[in-house]
Amino acid sequence: MREPSAFWPTVWLALSLVLAKAVHWSLPELTGRRLLEYVTDLGVSAHQDVLFAIAVGLLAQLALRTTARAPRVRRLVWLGFLGLGALSVLYAVASIQIFAFLRSPLTYALLYVAGDMKNMSSSIGSFVTPGIAAGLLGGPVLFILLSRWSANREPPPVTPRRRAIRAAGATLLLVYLVSARQAAAGRWQDRDDHLIVRNPHWELISSSARELLGHEGVRIDVPYPPEYLADFEPAPQPPRPSSLPRPRNVLLYVLEST
């Protein structure tokens, strides 16, 4: 394998995250207006995912450059980058059903409220559909295969035309990220699914980091006055006339929400 580069794995990671977000949107009618709405919605909802992939790729490329004189360490960095990318693809697929159920990315606060995986195990099975299971298994594997295939390809020679194409691509990417950010901060705030624009990886990482650093916390076991318990006591019943006979049969209905 030639000198590793984080470029193509970053591209495959970004495409994987965008495809995971595309599942949220139904396929449009084959009309110009509907296709434009579909592309706009998908682009706005996935712009943070693209930004996350770029950030991971830049950090990986920096680590590869830093360890260029230590081949063994650089090899470990490369394998770690591929492993992180595969885990990111796995979590992106899992986040499809998480958002469909919670209408929000998973955060530390939601994990704290849920308690632990034992409490959530009864619900996880119903969320793993055949399509999600295929994505959980095939997505990370396909990412690694494409990344290794790209790493083994001989890079084309650098020409002025290719430099111009790269510059144009970087400019278009920057315009896309800025315009999508503006759209998400504007009219998208009125949508009931506006939280789809958030990157699920960053939401979980940042909320957990804030909790560990003490900047954010969710506490349910805080002290409270004893009189607050009175709100949960049953309402007083009116006195029952002694002349009325007691009922012979009692029907008890137990309702449980899932």
# chains A, B, ... in the order shown; residues from 1 in each chain; ligands from 1
$ residues_around --residues "Ile205 in chain A" --least-positions-apart "4" --cutoff "12 Å" --atoms "only C-alpha atoms" --output "MDAnalysis selection string"
chainID A and resid 52 88 105:109 199:201 209:212
$ select_by_dssp --residues "range 129-243 of chain A" --states "alpha helix (DSSP H)" --output "PyMOL selection string"
chain A and resi 130-152+160-185+200-212
$ residues_around --residues "Leu195 in chain A" --least-positions-apart "2" --cutoff "12 Å" --atoms "only C-alpha atoms" --output "CSV table (one decimal) with N, CA, C and O atoms, in the first residue's frame"
chain,number,residue,atom,x,y,z
A,21,LYS,N,-28.9,9.7,6.4
A,21,LYS,CA,-29.9,10.8,6.6
A,21,LYS,C,-31.0,10.7,5.5
A,21,LYS,O,-32.1,11.1,5.7
A,24,HIS,N,-34.5,9.2,6.0
A,24,HIS,CA,-35.5,9.9,6.7
A,24,HIS,C,-36.5,10.5,5.7
A,24,HIS,O,-37.7,10.8,6.0
A,44,VAL,N,-29.7,20.1,3.5
A,44,VAL,CA,-29.7,20.8,4.8
A,44,VAL,C,-29.6,19.9,5.9
A,44,VAL,O,-28.9,20.1,6.9
A,45,SER,N,-30.3,18.7,5.9
A,45,SER,CA,-30.3,17.8,7.0
A,45,SER,C,-29.0,17.1,7.2
A,45,SER,O,-28.7,16.6,8.3
A,46,ALA,N,-28.2,17.0,6.1
A,46,ALA,CA,-27.0,16.2,6.2
A,46,ALA,C,-25.7,17.1,6.3
A,46,ALA,O,-24.6,16.6,6.3
A,48,GLN,N,-24.4,18.9,8.6
A,48,GLN,CA,-23.5,18.7,9.8
A,48,GLN,C,-22.8,17.3,9.8
A,48,GLN,O,-21.7,17.2,10.3
A,99,PHE,N,-33.7,8.3,15.7
A,99,PHE,CA,-34.4,9.6,15.5
A,99,PHE,C,-35.9,9.4,15.1
A,99,PHE,O,-36.7,10.2,15.5
A,100,ALA,N,-36.2,8.3,14.4
A,100,ALA,CA,-37.6,8.0,14.1
A,100,ALA,C,-38.4,7.8,15.4
A,100,ALA,O,-39.6,8.1,15.4
A,102,LEU,N,-37.3,8.9,18.7
A,102,LEU,CA,-37.2,10.0,19.7
A,102,LEU,C,-37.4,11.4,19.0
A,102,LEU,O,-37.6,12.4,19.8
A,103,ARG,N,-37.4,11.5,17.7
A,103,ARG,CA,-37.4,12.7,17.0
A,103,ARG,C,-36.3,13.7,17.4
A,103,ARG,O,-36.4,14.9,17.4
A,104,SER,N,-35.2,13.1,17.8
A,104,SER,CA,-34.0,13.8,18.3
A,104,SER,C,-32.8,12.8,18.3
A,104,SER,O,-33.0,11.6,18.5
A,105,PRO,N,-31.6,13.3,18.1
A,105,PRO,CA,-30.5,12.5,18.2
A,105,PRO,C,-30.3,12.0,19.7
A,105,PRO,O,-30.8,12.7,20.6
A,106,LEU,N,-29.6,10.9,19.8
A,106,LEU,CA,-29.4,10.4,21.2
A,106,LEU,C,-28.3,11.3,21.9
A,106,LEU,O,-27.3,11.6,21.3
A,184,ALA,N,-30.8,26.0,7.8
A,184,ALA,CA,-31.1,25.3,9.1
A,184,ALA,C,-31.4,26.3,10.2
A,184,ALA,O,-32.3,26.0,11.1
A,185,ALA,N,-30.8,27.4,10.2
A,185,ALA,CA,-31.0,28.4,11.3
A,185,ALA,C,-32.2,29.3,11.0
A,185,ALA,O,-32.6,30.1,11.8
A,188,TRP,N,-36.1,26.3,8.9
A,188,TRP,CA,-36.1,25.0,9.4
A,188,TRP,C,-36.5,24.9,10.8
A,188,TRP,O,-36.9,23.9,11.3
A,189,GLN,N,-36.3,26.0,11.6
A,189,GLN,CA,-36.6,26.0,13.0
A,189,GLN,C,-38.1,25.8,13.2
A,189,GLN,O,-38.5,25.4,14.4
A,190,ASP,N,-39.0,26.0,12.2
A,190,ASP,CA,-40.4,25.9,12.4
A,190,ASP,C,-40.9,24.5,12.1
A,190,ASP,O,-42.1,24.2,12.3
A,191,ARG,N,-40.0,23.6,11.7
A,191,ARG,CA,-40.4,22.2,11.4
A,191,ARG,C,-40.4,21.3,12.6
A,191,ARG,O,-39.7,21.6,13.5
A,192,ASP,N,-41.3,20.3,12.6
A,192,ASP,CA,-41.3,19.4,13.8
A,192,ASP,C,-40.2,18.4,13.7
A,192,ASP,O,-39.9,17.8,14.8
A,193,ASP,N,-39.5,18.3,12.6
A,193,ASP,CA,-38.3,17.4,12.5
A,193,ASP,C,-37.0,18.2,12.3
A,193,ASP,O,-36.1,17.7,11.7
A,197,VAL,N,-31.2,17.9,11.5
A,197,VAL,CA,-30.0,18.6,10.9
A,197,VAL,C,-28.8,18.3,11.8
A,197,VAL,O,-27.7,18.4,11.4
A,198,ARG,N,-29.0,17.9,13.0
A,198,ARG,CA,-27.9,17.7,14.0
A,198,ARG,C,-27.2,16.4,13.7
A,198,ARG,O,-27.8,15.3,13.4
A,199,ASN,N,-25.9,16.4,13.8
A,199,ASN,CA,-25.1,15.2,13.6
A,199,ASN,C,-25.2,14.3,14.8
A,199,ASN,O,-24.9,14.8,15.9
A,200,PRO,N,-25.7,13.1,14.7
A,200,PRO,CA,-25.9,12.3,15.9
A,200,PRO,C,-24.6,11.9,16.7
A,200,PRO,O,-24.6,11.8,17.9
A,203,GLU,N,-23.6,15.1,18.7
A,203,GLU,CA,-24.5,15.3,19.8
A,203,GLU,C,-24.2,14.4,21.0
A,203,GLU,O,-24.2,14.8,22.1
$ closest_residue --among "A:Leu62, A:Leu35, A:Leu15, A:Val254" --to "Gly85 in chain A" --atoms "only C-alpha atoms"
A:Leu15
$ atom_distance --atom1 "CA of Val128 in chain A" --atom2 "CA of Val89 in chain A"
15.8 Å
$ residues_around --residues "Phe7 in chain A" --least-positions-apart "5" --cutoff "9 Å" --atoms "only C-alpha atoms" --output "ChimeraX atom specification"
/A:12,57-58,61
$ write_last_selection --atoms "C-alpha atoms" --output "compact mmCIF listing (two decimals), in the first residue's frame"
# COMPACT_ATOMS: atom_id res chain seq x y z
CA TRP A 12 -16.77 7.46 1.76
CA GLY A 57 -10.65 13.33 8.06
CA LEU A 58 -8.59 16.44 8.77
CA GLN A 61 -4.61 13.40 7.93
$ closest_residue --among "A:Thr31, A:Ser26, A:Ser95, A:Thr67" --to "Leu204 in chain A" --atoms "only C-alpha atoms"
A:Ser95
$ closest_residue --among "A:Gly138, A:Pro130, A:Leu13, A:Leu251" --to "Asp49 in chain A" --atoms "only C-alpha atoms"
A:Leu13
$ closest_residue --among "A:Ile54, A:Ser206, A:Ala151, A:Gln97" --to "Trp78 in chain A" --atoms "only C-alpha atoms"
A:Ala151
$ closest_atom_pairs --of "range 45-137 of chain A" --to "range 162-179 of chain A" --cutoff "9 Å" --atoms "only C-alpha atoms" --output "JSON lines"
{"residue": "A:His47", "atom": "CA", "partner": "A:Leu177", "partner_atom": "CA", "distance": 6.0}
{"residue": "A:Gln48", "atom": "CA", "partner": "A:Leu177", "partner_atom": "CA", "distance": 8.1}
{"residue": "A:Val50", "atom": "CA", "partner": "A:Leu177", "partner_atom": "CA", "distance": 8.4}
{"residue": "A:Leu51", "atom": "CA", "partner": "A:Leu177", "partner_atom": "CA", "distance": 7.7}
$ write_last_selection --atoms "all heavy atoms" --output "tab-separated table (two decimals), in the first residue's frame"
chain	number	residue	atom	x	y	z
A	47	HIS	N	-25.87	18.45	6.32
A	47	HIS	CA	-24.66	19.29	6.24
A	47	HIS	C	-23.78	19.13	7.47
A	47	HIS	O	-22.54	19.18	7.36
A	47	HIS	CB	-25.05	20.76	6.02
A	47	HIS	CG	-25.48	21.48	7.25
A	47	HIS	ND1	-26.74	21.37	7.79
A	47	HIS	CD2	-24.80	22.34	8.05
A	47	HIS	CE1	-26.82	22.13	8.87
A	47	HIS	NE2	-25.66	22.73	9.05
A	48	GLN	N	-24.36	18.91	8.64
A	48	GLN	CA	-23.52	18.70	9.82
A	48	GLN	C	-22.81	17.35	9.76
A	48	GLN	O	-21.71	17.20	10.29
A	48	GLN	CB	-24.36	18.80	11.09
A	48	GLN	CG	-24.78	20.21	11.45
A	48	GLN	CD	-25.30	20.32	12.87
A	48	GLN	OE1	-25.17	19.39	13.68
A	48	GLN	NE2	-25.89	21.46	13.19
A	50	VAL	N	-21.70	15.97	6.96
A	50	VAL	CA	-20.57	16.21	6.07
A	50	VAL	C	-19.46	16.94	6.81
A	50	VAL	O	-18.27	16.61	6.68
A	50	VAL	CB	-21.03	17.01	4.83
A	50	VAL	CG1	-19.83	17.38	3.96
A	50	VAL	CG2	-22.04	16.21	4.03
A	51	LEU	N	-19.84	17.92	7.62
A	51	LEU	CA	-18.84	18.67	8.39
A	51	LEU	C	-18.15	17.76	9.41
A	51	LEU	O	-16.93	17.88	9.63
A	51	LEU	CB	-19.52	19.84	9.09
A	51	LEU	CG	-18.61	20.88	9.74
A	51	LEU	CD1	-17.70	21.51	8.70
A	51	LEU	CD2	-19.45	21.95	10.43
$ atom_distance --atom1 "CA of Phe81 in chain A" --atom2 "CA of Asn152 in chain A"
16.1 Å
